[in-house]
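Here the structure is laid out as structure tokens; the discussion comes afterwards.
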Amino acid sequence: MEKIIDQIYKSLSKLLKKKSKGLHDPLFKGNEKKYLNQCINTGFVSSVGNFVTKFEKLISKYVKSKYAVATNSGTSALHLILKYYKISNKDEVLLPSLTYVATANAVIYCGAVPNFVDIDDDTLGVSPKKLEKYLKKITKKKNNFSYNKKTGKKITALIAVHLYGLPCRIDEVKKVCKKFNIILIEDAAEAMGSFFKGKHLGTFGQAGILSFNGNKPITCGSGGMIITDNKDLAKKTLHLSTHAKIANKLDHYHDAIGFNYRMNNLSAAVGCAQLEKIDEILNAKRKNYIMYFKYFRKNKFLSIFKEPLKSKSNYWLVIGILYNEKIKNELLKFLRKKGYICRAIWRPLHTLQIFKKFPRDELHSSQKIFNKTLSLPSSPSLNYKN
Ligand SMILES: Cc1ncc(COP(=O)(O)O)c(C=O)c1O
């Protein structure tokens, strides 16, 4: 075991200088300070401000969605979409177990039941084949909707996650959703700059979300975006994100229970500056993948996860696959001690105590992938030795 760990460490240390502070550090090389100064000088630092609407326009242009609604996080963006569809304690929402906890939390915030589904080994995203098989087994049709035979709840939506920026088989997943009359929402929080068959992720379903948290390829510090072609969804989620306030300069009137979820102008200013550099950032991240791939191509102990066919990944975090999963924890500890920040991938949610009681399919691939993979330092500013 020690020999394998040492071999992996030696390969990594031949490739990388130890400078990266975290797994994914932001790259600020453009107009961030200039735009932040403009906010401060004009006093527009809260959710009303030119940069918020500008950022929305720029994102919808980039991803080619008709509408974009800026929120203060990816989690709140997901919550708002579920609220728009009136997801409640009468509903079940399907989602992969192998995702960040925020995906499931948004479902829980609505009082609904998360129902965990498995992934494909080669995309790390929802498996359309397994999904269809599972739905055939657990559902019955009533008024053209799908209901869980056991719990009686309506299976209203699926949140498809594009894990680590890797596109899942979203076109096939969409077909399954159509067949069972299930709303398709895409959690593309990790997938800014990722495409499947030339189309940006998050634009395949009824609505999608992006995250601009500090660890994402482009960041606002903290922030998210709803992307959609549905005008009504865009209008109502925007309204809900500002405490459902009716515009009126003299008085305060709110026509629903809303949320304080709108992005602020400072975050949006940073987002606009970051978006100007997105090509540079994505190129640097692709270079990371190419360098890792080259260095580990002949390695007997670790290989590098490649983007799925017909897709272009942002390679948010480069994933290493271990041939011997037993070394994972020791390897992570050792590398950290040596100054290389690596991490386990997201823990499958069904294994957490807080989600144990919820329904699920067999999650063999989710567990297997978790056991044998780790994420490698992936900052766009990663330093190589040559
Ligand atoms: C898959 C996934 N979904 C949702 C989120 C939530 O985004 P945010 O951190 O902006 O709330 C994240 C963030 O890391 C994520 O990785």
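Identifiers in this document derive from the order of the structure tokens: chains are assigned A, B, ..., residues are numbered from 1 separately in each chain, and ligands are numbered from 1 in order of occurrence.
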I'd like the neighbourhood of region 349-352 of chain A as a PDB file with N, CA and C atoms, in the first residue's frame, where a residue qualifies if any of its atoms comes within 9 Å (using only C-alpha atoms), though same-chain residues fewer than 6 positions away should be ignored.
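Once written, out18.pdb looks like this:
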```
ATOM      1  N   PRO A  96     -29.795  12.123  -8.381  1.00  0.00           N
ATOM      2  CA  PRO A  96     -28.746  11.144  -8.127  1.00  0.00           C
ATOM      3  C   PRO A  96     -28.274  11.218  -6.681  1.00  0.00           C
ATOM      4  N   SER A  97     -27.866  10.073  -6.161  1.00  0.00           N
ATOM      5  CA  SER A  97     -27.309  10.069  -4.805  1.00  0.00           C
ATOM      6  C   SER A  97     -25.924  10.714  -4.822  1.00  0.00           C
ATOM      7  N   LEU A  98     -25.216  10.534  -5.962  1.00  0.00           N
ATOM      8  CA  LEU A  98     -23.863  11.077  -6.050  1.00  0.00           C
ATOM      9  C   LEU A  98     -23.941  12.531  -6.522  1.00  0.00           C
ATOM     10  N   THR A  99     -24.144  13.413  -5.561  1.00  0.00           N
ATOM     11  CA  THR A  99     -24.184  14.850  -5.846  1.00  0.00           C
ATOM     12  C   THR A  99     -23.848  15.608  -4.571  1.00  0.00           C
ATOM     13  N   TYR A 100     -23.690  16.908  -4.717  1.00  0.00           N
ATOM     14  CA  TYR A 100     -23.475  17.749  -3.542  1.00  0.00           C
ATOM     15  C   TYR A 100     -24.794  17.837  -2.769  1.00  0.00           C
ATOM     16  N   VAL A 101     -24.671  17.979  -1.476  1.00  0.00           N
ATOM     17  CA  VAL A 101     -25.834  17.928  -0.582  1.00  0.00           C
ATOM     18  C   VAL A 101     -26.897  18.973  -0.930  1.00  0.00           C
ATOM     19  N   ALA A 104     -30.165  17.853  -2.814  1.00  0.00           N
ATOM     20  CA  ALA A 104     -31.205  17.216  -1.991  1.00  0.00           C
ATOM     21  C   ALA A 104     -31.814  18.206  -0.998  1.00  0.00           C
ATOM     22  N   PHE A 116     -33.602   8.653  -4.546  1.00  0.00           N
ATOM     23  CA  PHE A 116     -32.256   8.620  -5.125  1.00  0.00           C
ATOM     24  C   PHE A 116     -32.113   7.600  -6.251  1.00  0.00           C
ATOM     25  N   PHE A 358     -34.953   7.836   3.102  1.00  0.00           N
ATOM     26  CA  PHE A 358     -35.652   8.151   1.851  1.00  0.00           C
ATOM     27  C   PHE A 358     -35.542   7.028   0.818  1.00  0.00           C
ATOM     28  N   PRO A 359     -36.550   6.940  -0.084  1.00  0.00           N
ATOM     29  CA  PRO A 359     -36.547   5.841  -1.061  1.00  0.00           C
ATOM     30  C   PRO A 359     -35.383   5.965  -2.051  1.00  0.00           C
ATOM     31  N   ARG A 360     -35.010   4.829  -2.605  1.00  0.00           N
ATOM     32  CA  ARG A 360     -33.892   4.840  -3.559  1.00  0.00           C
ATOM     33  C   ARG A 360     -33.865   3.572  -4.384  1.00  0.00           C
ATOM     34  N   LEU A 363     -27.903   1.496  -5.796  1.00  0.00           N
ATOM     35  CA  LEU A 363     -26.981   2.591  -6.107  1.00  0.00           C
ATOM     36  C   LEU A 363     -25.545   2.082  -6.223  1.00  0.00           C
TER      37      LEU A 363
END
```
Requested in this report: Taking only C-alpha atoms and all ligand atoms into account, report as a PyMOL selection string which residues have an atom no farther than 7 Å from an atom of ligand 1.
Outcome: chain A and resi 73-76+99-100+102-103+161+163+187-190+211-213+222-224
Could you dump the residues just selected with N, CA and C atoms as a JSON list (two decimals), in the first residue's frame?
```
[["chain", "number", "residue", "atom", "x", "y", "z"],
["A", 73, "SER", "N", -27.28, 32.26, -4.69],
["A", 73, "SER", "CA", -26.55, 30.99, -4.67],
["A", 73, "SER", "C", -27.20, 30.01, -5.64],
["A", 74, "GLY", "N", -26.49, 28.96, -5.95],
["A", 74, "GLY", "CA", -27.07, 27.90, -6.78],
["A", 74, "GLY", "C", -28.17, 27.19, -6.03],
["A", 75, "THR", "N", -28.00, 27.04, -4.72],
["A", 75, "THR", "CA", -29.00, 26.36, -3.90],
["A", 75, "THR", "C", -30.32, 27.12, -3.94],
["A", 76, "SER", "N", -30.25, 28.46, -3.79],
["A", 76, "SER", "CA", -31.49, 29.23, -3.80],
["A", 76, "SER", "C", -32.13, 29.19, -5.20],
["A", 99, "THR", "N", -24.14, 13.41, -5.56],
["A", 99, "THR", "CA", -24.18, 14.85, -5.85],
["A", 99, "THR", "C", -23.85, 15.61, -4.57],
["A", 100, "TYR", "N", -23.69, 16.91, -4.72],
["A", 100, "TYR", "CA", -23.47, 17.75, -3.54],
["A", 100, "TYR", "C", -24.79, 17.84, -2.77],
["A", 102, "ALA", "N", -26.49, 20.08, -1.56],
["A", 102, "ALA", "CA", -27.43, 21.17, -1.87],
["A", 102, "ALA", "C", -28.58, 20.69, -2.76],
["A", 103, "THR", "N", -28.30, 19.76, -3.67],
["A", 103, "THR", "CA", -29.35, 19.28, -4.58],
["A", 103, "THR", "C", -30.51, 18.69, -3.77],
["A", 161, "VAL", "N", -28.04, 16.00, -12.45],
["A", 161, "VAL", "CA", -26.84, 16.75, -12.07],
["A", 161, "VAL", "C", -25.71, 16.44, -13.06],
["A", 163, "LEU", "N", -22.24, 16.21, -12.93],
["A", 163, "LEU", "CA", -21.25, 16.17, -11.85],
["A", 163, "LEU", "C", -19.86, 16.57, -12.31],
["A", 187, "ASP", "N", -29.35, 20.45, -12.63],
["A", 187, "ASP", "CA", -28.42, 21.07, -11.70],
["A", 187, "ASP", "C", -27.06, 21.13, -12.40],
["A", 188, "ALA", "N", -26.82, 22.27, -13.04],
["A", 188, "ALA", "CA", -25.55, 22.48, -13.75],
["A", 188, "ALA", "C", -24.65, 23.41, -12.93],
["A", 189, "ALA", "N", -24.82, 23.31, -11.59],
["A", 189, "ALA", "CA", -24.04, 24.17, -10.68],
["A", 189, "ALA", "C", -22.54, 24.10, -10.98],
["A", 190, "GLU", "N", -22.09, 22.90, -11.35],
["A", 190, "GLU", "CA", -20.64, 22.68, -11.53],
["A", 190, "GLU", "C", -20.25, 22.77, -13.01],
["A", 211, "SER", "N", -23.95, 27.63, -10.63],
["A", 211, "SER", "CA", -23.43, 28.21, -9.38],
["A", 211, "SER", "C", -22.17, 29.01, -9.67],
["A", 212, "PHE", "N", -22.03, 30.11, -8.96],
["A", 212, "PHE", "CA", -20.82, 30.93, -9.08],
["A", 212, "PHE", "C", -20.15, 31.07, -7.72],
["A", 213, "ASN", "N", -20.23, 30.01, -6.95],
["A", 213, "ASN", "CA", -19.55, 29.96, -5.66],
["A", 213, "ASN", "C", -18.03, 30.11, -5.88],
["A", 222, "SER", "N", -20.19, 34.37, -4.19],
["A", 222, "SER", "CA", -21.32, 33.48, -3.96],
["A", 222, "SER", "C", -22.42, 33.93, -4.92],
["A", 223, "GLY", "N", -23.04, 32.99, -5.58],
["A", 223, "GLY", "CA", -24.11, 33.38, -6.51],
["A", 223, "GLY", "C", -24.58, 32.21, -7.34],
["A", 224, "GLY", "N", -25.74, 32.41, -7.97],
["A", 224, "GLY", "CA", -26.30, 31.36, -8.82],
["A", 224, "GLY", "C", -27.11, 31.99, -9.94]]
```
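Taking the backbone of this structure through DSSP, the residues of region 103-165 of chain A that come out as alpha helix (DSSP H) are Thr103, Ala104, Asn105, Ala106, Val107, Ile108, Tyr109, Pro128, Lys129, Lys130, Leu131, Glu132, Lys133, Tyr134, Leu135, Lys136, Lys137 and Ile138 of chain A.
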Query raised in the report: Excluding same-chain residues fewer than 3 positions from Phe204 (chain A), what lies within 9 Å of it counting only C-alpha atoms, as an NGL selection string?
Result: :A and (170-171 or 174 or 184-186 or 199-201 or 207-208 or 228)
**Report entry** Selected residue, from A:Lys3, A:Lys64, A:Arg169, A:Lys141, that lies nearest to Pro308 (chain A) when counting only C-alpha atoms
**Finding:** A:Arg169
Query raised in the report: Which polymer residues have any atom within 9 Å of an atom of Leu275 (chain A), counting only C-alpha atoms, with same-chain residues fewer than 6 positions away left out, as a PyMOL selection string?
Result: chain A and resi 55+58-59+218-219
Query raised in the report: Using only C-alpha atoms, which residues sit within 7 Å of Leu15 (chain A) once same-chain residues fewer than 3 positions away are excluded, as a ChimeraX atom specification?
Result: /A:11-12,384-385
Report task. Find the distance between CA of Cys168 (chain A) and CA of Phe196 (chain A) and write it in Å to one decimal. Result -> 8.2 Å
Query raised in the report: Running DSSP on the backbone, which parts of region 117-281 of chain A land in strand (DSSP E or B), as JSON, numbers by chain?
Result: {"A": [117, 119, 126, 139, 140, 141, 142, 145, 146, 147, 148, 154, 155, 156, 157, 158, 159, 160, 161, 183, 184, 185, 186, 187, 195, 196, 199, 200, 207, 208, 209, 210, 211, 213, 221, 224, 225, 226, 227, 228, 242, 245, 246, 253, 254, 260, 262]}
Let me see the file: selected residues, N, CA and C atoms, as a short mmCIF file (atom, residue, chain, number, x, y, z; two decimals), in the first residue's frame.
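As a result, result_8.cif now contains:
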```cif
data_model
loop_
_atom_site.label_atom_id
_atom_site.label_comp_id
_atom_site.auth_asym_id
_atom_site.auth_seq_id
_atom_site.Cartn_x
_atom_site.Cartn_y
_atom_site.Cartn_z
N VAL A 117 -31.50 8.04 -7.36
CA VAL A 117 -31.30 7.15 -8.51
C VAL A 117 -29.79 7.02 -8.80
N ILE A 119 -26.21 6.28 -11.26
CA ILE A 119 -25.50 6.98 -12.34
C ILE A 119 -24.92 5.98 -13.34
N VAL A 126 -26.93 10.86 -13.98
CA VAL A 126 -28.09 9.96 -14.00
C VAL A 126 -28.06 9.02 -15.22
N THR A 139 -43.56 2.88 -10.39
CA THR A 139 -44.66 3.83 -10.61
C THR A 139 -45.93 3.21 -11.17
N LYS A 140 -47.03 3.89 -10.92
CA LYS A 140 -48.28 3.60 -11.64
C LYS A 140 -48.79 4.93 -12.20
N LYS A 141 -49.50 4.85 -13.34
CA LYS A 141 -49.99 6.08 -13.97
C LYS A 141 -51.38 6.42 -13.46
N LYS A 142 -51.61 7.70 -13.20
CA LYS A 142 -52.95 8.17 -12.83
C LYS A 142 -53.11 9.55 -13.46
N PHE A 145 -50.12 11.15 -14.93
CA PHE A 145 -48.92 11.44 -14.12
C PHE A 145 -48.41 10.15 -13.50
N SER A 146 -47.14 10.18 -13.05
CA SER A 146 -46.54 8.99 -12.45
C SER A 146 -46.58 9.10 -10.93
N TYR A 147 -47.08 8.04 -10.29
CA TYR A 147 -47.16 8.00 -8.82
C TYR A 147 -46.35 6.82 -8.31
N ASN A 148 -45.73 7.02 -7.16
CA ASN A 148 -45.00 5.93 -6.52
C ASN A 148 -46.02 4.95 -5.94
N LYS A 154 -46.79 11.68 -5.80
CA LYS A 154 -46.55 11.94 -7.22
C LYS A 154 -45.04 12.11 -7.46
N ILE A 155 -44.54 11.45 -8.49
CA ILE A 155 -43.12 11.66 -8.85
C ILE A 155 -43.11 12.80 -9.85
N THR A 156 -42.87 13.99 -9.34
CA THR A 156 -43.13 15.20 -10.09
C THR A 156 -41.95 15.66 -10.93
N ALA A 157 -40.77 15.54 -10.39
CA ALA A 157 -39.60 16.11 -11.08
C ALA A 157 -38.37 15.23 -10.91
N LEU A 158 -37.44 15.43 -11.83
CA LEU A 158 -36.10 14.83 -11.71
C LEU A 158 -35.09 15.98 -11.77
N ILE A 159 -34.14 15.97 -10.86
CA ILE A 159 -33.02 16.92 -10.96
C ILE A 159 -31.82 16.14 -11.48
N ALA A 160 -31.45 16.41 -12.74
CA ALA A 160 -30.28 15.74 -13.32
C ALA A 160 -29.06 16.61 -13.03
N VAL A 161 -28.04 16.00 -12.45
CA VAL A 161 -26.84 16.75 -12.07
C VAL A 161 -25.71 16.44 -13.06
N ILE A 183 -41.11 16.47 -14.73
CA ILE A 183 -40.42 17.73 -15.05
C ILE A 183 -38.91 17.51 -14.94
N LEU A 184 -38.18 17.98 -15.96
CA LEU A 184 -36.72 17.83 -15.92
C LEU A 184 -36.06 19.16 -15.54
N ILE A 185 -35.36 19.12 -14.41
CA ILE A 185 -34.60 20.29 -13.94
C ILE A 185 -33.13 19.88 -13.98
N GLU A 186 -32.26 20.76 -14.46
CA GLU A 186 -30.83 20.42 -14.50
C GLU A 186 -30.05 21.18 -13.44
N ASP A 187 -29.35 20.45 -12.63
CA ASP A 187 -28.42 21.07 -11.70
C ASP A 187 -27.06 21.13 -12.40
N PHE A 195 -20.64 21.62 -22.37
CA PHE A 195 -21.62 21.45 -23.45
C PHE A 195 -21.85 19.97 -23.76
N PHE A 196 -23.07 19.65 -24.17
CA PHE A 196 -23.37 18.31 -24.68
C PHE A 196 -23.96 18.47 -26.07
N LYS A 199 -24.61 22.00 -27.06
CA LYS A 199 -25.60 22.82 -26.34
C LYS A 199 -25.17 22.93 -24.87
N HIS A 200 -25.28 24.15 -24.34
CA HIS A 200 -24.81 24.34 -22.96
C HIS A 200 -25.66 23.56 -21.97
N ALA A 207 -35.86 23.90 -16.86
CA ALA A 207 -35.02 24.96 -16.29
C ALA A 207 -33.75 24.34 -15.74
N GLY A 208 -32.72 25.17 -15.64
CA GLY A 208 -31.45 24.67 -15.08
C GLY A 208 -30.87 25.72 -14.16
N ILE A 209 -29.87 25.29 -13.39
CA ILE A 209 -29.19 26.27 -12.52
C ILE A 209 -27.68 26.19 -12.69
N LEU A 210 -27.04 27.33 -12.43
CA LEU A 210 -25.58 27.41 -12.40
C LEU A 210 -25.17 27.94 -11.03
N SER A 211 -23.95 27.63 -10.63
CA SER A 211 -23.43 28.21 -9.38
C SER A 211 -22.17 29.01 -9.67
N ASN A 213 -20.23 30.01 -6.95
CA ASN A 213 -19.55 29.96 -5.66
C ASN A 213 -18.03 30.11 -5.88
N GLY A 221 -18.02 35.11 -5.94
CA GLY A 221 -17.90 34.95 -4.49
C GLY A 221 -18.95 33.95 -4.07
N GLY A 224 -25.74 32.41 -7.97
CA GLY A 224 -26.30 31.36 -8.82
C GLY A 224 -27.11 31.99 -9.94
N MET A 225 -27.62 31.13 -10.82
CA MET A 225 -28.42 31.63 -11.95
C MET A 225 -29.43 30.57 -12.35
N ILE A 226 -30.66 31.02 -12.58
CA ILE A 226 -31.67 30.14 -13.19
C ILE A 226 -31.59 30.41 -14.68
N ILE A 227 -31.51 29.35 -15.49
CA ILE A 227 -31.55 29.55 -16.95
C ILE A 227 -32.73 28.77 -17.50
N THR A 228 -33.50 29.39 -18.38
CA THR A 228 -34.73 28.78 -18.85
C THR A 228 -35.23 29.47 -20.12
N THR A 242 -37.21 38.25 -4.67
CA THR A 242 -37.14 39.59 -4.05
C THR A 242 -38.30 39.79 -3.07
N LYS A 245 -42.01 41.22 -3.87
CA LYS A 245 -42.35 42.65 -3.70
C LYS A 245 -42.90 43.22 -5.00
N ILE A 246 -44.02 43.92 -4.89
CA ILE A 246 -44.59 44.60 -6.05
C ILE A 246 -43.88 45.94 -6.19
N TYR A 253 -45.53 46.51 -0.84
CA TYR A 253 -46.60 45.53 -0.94
C TYR A 253 -46.03 44.21 -1.45
N HIS A 254 -46.38 43.13 -0.80
CA HIS A 254 -45.87 41.80 -1.15
C HIS A 254 -47.06 40.88 -1.38
N ASN A 260 -35.37 36.15 0.22
CA ASN A 260 -34.32 37.13 -0.03
C ASN A 260 -33.20 36.42 -0.79
N ARG A 262 -32.14 37.27 -4.20
CA ARG A 262 -31.60 37.94 -5.38
C ARG A 262 -30.10 38.16 -5.24
#
```
Requested in this report: Can you pull out every residue within 10 Å of region 296-298 of chain A, counting only C-alpha atoms, but drop anything in the same chain fewer than 3 positions away, and send it as a ChimeraX atom specification?
Outcome: /A:8,11-12,15,290-293,301-304,320
Could you take the residues named above and write them with C-alpha atoms, as a compact mmCIF listing (two decimals), in the first residue's frame?
```txt
# COMPACT_ATOMS: atom_id res chain seq x y z
CA ILE A 8 1.28 8.29 -7.04
CA SER A 11 4.07 11.20 -10.31
CA LEU A 12 2.10 14.13 -8.95
CA LEU A 15 3.99 17.35 -12.60
CA ILE A 290 -4.37 17.25 -20.69
CA MET A 291 -1.34 17.52 -18.39
CA TYR A 292 -2.77 15.04 -15.86
CA PHE A 293 -3.80 12.69 -18.64
CA PHE A 301 -2.14 2.90 -9.99
CA LEU A 302 -4.17 5.92 -11.07
CA SER A 303 -5.89 6.97 -14.29
CA ILE A 304 -7.70 10.19 -15.23
CA GLY A 320 -8.45 10.46 -10.62
```
Requested in this report: Rounded to one decimal place, report the CA of Leu335 (chain A)-CA of Pro26 (chain A) distance in Å.
Outcome: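 The value is 21.5 Å.
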Query raised in the report: With only C-alpha atoms as the atoms that count, which of A:Leu78, A:Asn314, A:Ile138, A:Ile257 lies nearest to Ala284 (chain A)?
Result: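 Among A:Leu78, A:Asn314, A:Ile138, A:Ile257, it is A:Asn314 that comes nearest to Ala284 (chain A).
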